[in-house]
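Asker: The structure's right below; bear with me while I get my questions together.
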Amino acid sequence: MKKTILAALAMGLFTFQAYAADTVKIALTGPFTGGSAPMGVSMRDGAKLAIDEINRAGGIQVGANKMKIEVVERDDEGKNERGALIAQELSSMGDLSGVIGTVNTGVVLAGDKYFQEKGITKIITPAAGSASMTQWSKAGVKDLSIFRFSADDGIQSAMVVEDAINRKLTKVAILHDSTNYGVSGRDDLLDQIKKQGNKLQVVATEKFNIGDKDMTAQLLKAKFGGAQGILIWGIGPELAAVSNGMAKLRMKQPLIGGWTLSMSNYIDNAGKNGNGTLMPQTFIEDPITPKVKSFIDSYHKTYGVSRIPSPMSAAQGYDAVYVFAAAVKQAQSTDTHKIKDALEDLRDPVKGVIATWKQPYGKWDPANEQTHEAFRRGQVVMGMVQDGRVVFANKADRQRLIKEAGK
Amino acid sequence: MYTLLIVQLAVSGALMGMVYALIAYGFQLTFATSKSINFGQGELVMLSAFFSLSLIDSGLPYWLVVPGGMLFGAVLGLFVERAAVRLSLEQKGEGWILLTIILGLLGFSAAENIWGRDDRPFPTPISSDPLHFFGIDVTPLELSVAIGVLAVMGLVELFKRKTLLGKAFEAVSADRDAAQLMGISATRTIQLSYGLSGLVAALAGILVAPITTVGPTMASVLILKAFSVAVVAGLDSGFGIVLVGLFLGALESLTSFYLGSGWREAPGLILLILALAVRPNGVFGKASIRKV
């Protein structure tokens with residue numbers, strides 16, 4: 001009896017090893033608990049949908065055999081120090097093909113240096129802070145293994161300012177939180193206002209801390225400064241406090257800000273006060289094409305929800321996996337360095353739910369971070385909160401995306 | 001126009017200050033009888049809010065959730081007294097300091113595991129649509145906080161003055177040894193004060209939850225402010241605590257308007273330092289007389 005168990009164990013061990021050698025090992029990291037969890041969880045679940053689809057079809061064709069994707073998950077809780085530890089652990093794994101994830105810009109800054117040191121290919125999604133990529137151009141790194149699959153704050157702040165100008169606003173107030181993300185968002189906004197011809201006069205620049213619930217003072221400054229719109233950079237719970245504060249003070253000005261205004265913990269906590277809020281989005285949970293519909297339906301079905309907590313994180317996670325898989329196929333290898341080279345020169349277009357990705361990345365050039373940024377202005381649209389969901393703010397964008405997908 | 005602005009700022013801030021006052025009152029209740037306080041009071045606020053949220057999720061109407069949550073808070077208070085305070089006081093030791101902190105940490109982890117780490121909205125039938133009074137905007141939700149705070153503090157003070165049990169409470173506060181010689185059980189009275197303190201913490205949690213949302217860290221900011229209020233006002237006076245709470249809330253709001261939002265936390269801390277340096281017994285506290 002004992003012998004058979006041992007034999008079975010040995011067999012199991014043997015088959016497991018044989019299996020491990022035939023897989024592409026990808027790590028998914030992000031905050032799966034805590035304030036940014038809606039984004040982390042959606043990103044992970046979207047990525048796993050793509051991985052399941054690939055595995056069900058047999059895997060990625062590498063040489064003569066098909067290789068399945070094996071997932072390693074790590075929860076960084078949105079904390080910089082946990083992110084650094086996880087990055088150290090993953091980068092010492094040896095057989096890891098790549099990393100996808102990270103929501104918080106602070107975590108990116110704390111952890112990515114370990115991946116870069118070992119040359120491990122990482123696709124950042126959905127963290128958007130500009131510093132995630134500019135840190136490498138500032139350091140003048142010649143060869144970079146970090147890529148981004150997210151509309152960076154530069155694109156987003158440009159769109160926010162553009163939208164305010166299109167709405168014929170002339171006086172605005174900028175509100176931001178006191179984290180890395182909020183402060184760099186404020187700088188991006190001020191920068192964009194200057195770039196777009198100083199058409200907006202900033203009547204107040206106010207900050208708030210994580211956990212603040214009473215925004216009366218900041219909002220009154222905006223109100224009495226004569227602001228016609230509020231431009232904002234922060235995350236869910238505090239954004240909701242701002243929205244609720246505006247309702248209390250009867251401020252009907254439009255609230256326009258970073259994509260975090262689409263987080264479910266903003267939408268839920270602001271309730272009806274959130275209606276009309278505007279933010280850039282890479283993906284909107286609206287079944288505009290059959291491919292998008294099947295993605296949304298399978299997300300709902302697989303995870304038993306009627307609303308994706310952060311639709312764009314989910315879509316970005318999903319598309320990032322397909323882009324990564326295409327690179328593995330082109331490299332014909334699970335070696336992370338070869339995958340990096342393939343990503344920098346991806347020959348076949350990758351059909352995703354956000355767009356069809358044609359050569360999303362180029363050879364890294366420290367003078368131009370865009371070489372490792374996948375998103376361009378055209379892939380981003382303005383979204384608007386309406387009755388607990390994010391919808392297209394402009395009908396024209398919706399039509400355009402349907403047309404582009406048809407091509 | 002300008003005075004209206006100041007009034008609006010002060011009123012909004014003062015209404016938040018009422019919550020600081022209510023939590024501080026929880027400190028004061030136990031300090032009066034036992035000269036000890038529960039350093040895990042913030043976790044009591046948070047746990048009761050989470051428990052009430054679960055009651056709401058189970059379909060109970062709001063008007064039953066409030067007493068249910070308060071009862072839960074009172075039970076937690078009694079538990080803290082038994083587990084962390086009683087034996088340490090019997091030995092005239094200071095072990096309760098560490099023990100109450102540890103119980104708080106335990107409560108925090110428990111909440112993270114039971115309810116998760118996310119901030120969740122707390123549904124309430126009280127409207128958050130603004131009302132307009134003499135040019136300033138206040139929501140019924142904020143008013144409910146003020147009314148709730150004043151009502152529960154009024155009731156507890158009335159209880160202390162008008163009932164036999166309450167008189168025992170006052171007697172133990174005044175002089176524990178003498179009260180015991182008169183046949184009043186100090187242990188029972190301290191137990192009562194911890195129960196009341198838990199009840200008050202729970203009410204604070206329920207009142208403030210629709211504004212702050214419910215999450216494991218919801219009380220961490222509030223508790224520091226409440227502590228400032230308790231120390232500045234002095235741990236002897238319920239009336240003083242309300243006044244200082246209102247004052248601190250209004251001051252915070254005005255500071256963040258005039259000096260910039262980064263200075264918001266400053267007045268509370270400065271007041272705390274000033275109080276400790278100049279009037280260690282608090283502005284409304286009685287000077288301690290040590291008989292030699």
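Every chain in the structure tokens has a letter given in the order shown (A, B, ...), and although residue numbers restart at 1 in each chain, ligands are simply numbered from 1 in the order shown.
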Set the distance at 10 Å and use only C-alpha atoms: which residues neighbour Asp214 (chain A) once local chain neighbours fewer than 4 positions away are removed? I'd like the list as a list in words.
Answerer: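 Counting only C-alpha atoms, the residues come to Phe208, Gln218, Leu219, Glu238, Ala241, Val242, Asn244 and Gly245 of chain A; Ser12, Gly13, Met16, Ile211, Thr212 and Ser253 of chain B.
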Asker: Region 66-296 of chain A: which residues are strand (DSSP E or B) by DSSP, as a PyMOL selection string?
Answerer: chain A and resi 66-75+98-101+122-124+146-148+171-177+201-208+229-233+255-257+278-281
Asker: Give the helix (DSSP H, G or I) residues of region 146-180 of chain A, as assigned by DSSP on the backbone, as a PyMOL selection string.
Answerer: chain A and resi 153-166+180
Asker: Taking N, CA and C atoms for each residue, export the selection above as a CSV table (one decimal), in the first residue's frame.
Answerer:
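Contents of again-v2.csv, freshly written:
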chain,number,residue,atom,x,y,z
A,153,ASP,N,-0.6,59.2,-18.1
A,153,ASP,CA,-1.2,60.4,-17.7
A,153,ASP,C,-1.0,61.6,-18.6
A,154,GLY,N,0.0,61.5,-19.4
A,154,GLY,CA,0.2,62.6,-20.4
A,154,GLY,C,-1.0,62.7,-21.4
A,155,ILE,N,-1.3,61.5,-21.9
A,155,ILE,CA,-2.5,61.5,-22.8
A,155,ILE,C,-3.7,61.9,-22.1
A,156,GLN,N,-3.9,61.3,-20.9
A,156,GLN,CA,-5.1,61.6,-20.1
A,156,GLN,C,-5.3,63.1,-19.8
A,157,SER,N,-4.2,63.7,-19.3
A,157,SER,CA,-4.3,65.1,-18.9
A,157,SER,C,-4.6,66.0,-20.1
A,158,ALA,N,-4.0,65.6,-21.2
A,158,ALA,CA,-4.2,66.3,-22.5
A,158,ALA,C,-5.7,66.3,-22.8
A,159,MET,N,-6.3,65.1,-22.7
A,159,MET,CA,-7.7,65.0,-23.0
A,159,MET,C,-8.6,65.7,-22.0
A,160,VAL,N,-8.2,65.7,-20.8
A,160,VAL,CA,-9.0,66.4,-19.8
A,160,VAL,C,-9.0,67.9,-20.1
A,161,VAL,N,-7.9,68.5,-20.3
A,161,VAL,CA,-7.8,69.9,-20.6
A,161,VAL,C,-8.5,70.2,-21.9
A,162,GLU,N,-8.3,69.3,-22.9
A,162,GLU,CA,-9.0,69.5,-24.2
A,162,GLU,C,-10.5,69.6,-24.0
A,163,ASP,N,-11.0,68.6,-23.2
A,163,ASP,CA,-12.4,68.5,-22.9
A,163,ASP,C,-13.0,69.8,-22.3
A,164,ALA,N,-12.2,70.3,-21.3
A,164,ALA,CA,-12.6,71.5,-20.6
A,164,ALA,C,-12.7,72.7,-21.6
A,165,ILE,N,-11.7,72.8,-22.5
A,165,ILE,CA,-11.7,73.9,-23.5
A,165,ILE,C,-12.9,73.7,-24.4
A,166,ASN,N,-13.1,72.5,-24.9
A,166,ASN,CA,-14.2,72.2,-25.8
A,166,ASN,C,-15.6,72.6,-25.1
A,180,ASN,N,1.9,60.3,-4.9
A,180,ASN,CA,2.7,60.5,-6.2
A,180,ASN,C,1.8,60.7,-7.3
Asker: I need the contact residues of chain A against chain B, so if you could list those with any atom within 7 Å, counting only C-alpha atoms, and return them as a list in words, that would help.
Answerer: Thr33, Gly34, Gly35, Glu206, Lys207, Phe208, Lys213, Thr216, Ala217, Gln218, Lys221, Lys248, Leu249, Asp268 and Asn269 of chain A
Asker: If you keep C-alpha atoms, can you produce a file of those selected residues as a PDB file, in the first residue's frame?
Answerer:
ATOM      1  CA  THR A  33      -7.284  43.801  -1.852  1.00  0.00           C
ATOM      2  CA  GLY A  34      -7.516  47.397  -0.586  1.00  0.00           C
ATOM      3  CA  GLY A  35      -8.561  50.720  -2.100  1.00  0.00           C
ATOM      4  CA  GLU A 206      -6.105  72.389  -3.773  1.00  0.00           C
ATOM      5  CA  LYS A 207      -5.021  69.054  -2.408  1.00  0.00           C
ATOM      6  CA  PHE A 208      -6.543  66.468  -0.099  1.00  0.00           C
ATOM      7  CA  LYS A 213     -14.027  62.945   3.745  1.00  0.00           C
ATOM      8  CA  THR A 216     -15.867  71.679   1.951  1.00  0.00           C
ATOM      9  CA  ALA A 217     -12.844  73.962   2.289  1.00  0.00           C
ATOM     10  CA  GLN A 218     -11.255  72.914  -1.001  1.00  0.00           C
ATOM     11  CA  LYS A 221     -12.141  77.855  -2.677  1.00  0.00           C
ATOM     12  CA  LYS A 248     -23.959  69.536  -0.808  1.00  0.00           C
ATOM     13  CA  LEU A 249     -22.662  72.938  -1.887  1.00  0.00           C
ATOM     14  CA  ASP A 268     -20.810  53.369  -5.815  1.00  0.00           C
ATOM     15  CA  ASN A 269     -19.842  55.843  -3.115  1.00  0.00           C
TER      16      ASN A 269
END
Asker: Need to verify the contact set: Ala37 (chain A), 9 Å, only C-alpha atoms, exclusion of same-chain residues closer than 4 positions in sequence. Can you return it as a PyMOL selection string?
Answerer: (chain A and resi 30-33+41-42+77-78+103) or (chain B and resi 117-118)
Asker: What lies within 9 Å of Gly317 (chain A) using only C-alpha atoms, ignoring chain neighbours under 3 positions off, as a ChimeraX atom specification?
Answerer: /A:42-48,50,100-101,125-126,149,312-314,320-322
Asker: Applying 7 Å and only C-alpha atoms, which residues near Met263 (chain A) remain after dropping the ones on its own chain fewer than 5 positions away? List them as a ChimeraX atom specification.
Answerer: /A:38,236,309-310
Asker: What does the file look like for those residues with C-alpha atoms, as a short mmCIF file (atom, residue, chain, number, x, y, z; two decimals), in the first residue's frame?
Answerer:
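Now in selection-v5.cif:
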data_model
loop_
_atom_site.label_atom_id
_atom_site.label_comp_id
_atom_site.auth_asym_id
_atom_site.auth_seq_id
_atom_site.Cartn_x
_atom_site.Cartn_y
_atom_site.Cartn_z
CA PRO A 38 -11.30 47.04 -8.25
CA GLY A 236 -12.05 56.30 -5.81
CA PRO A 309 -15.55 46.54 -11.41
CA SER A 310 -13.07 48.38 -13.66
#
Asker: Point out the residue among A:Ile69, A:Val202, A:Val99, A:Ile86 with the least atom-to-atom distance to Ala57 (chain A), counting only C-alpha atoms.
Answerer: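 Using only C-alpha atoms, Ala57 (chain A) sits closest to A:Ile69.
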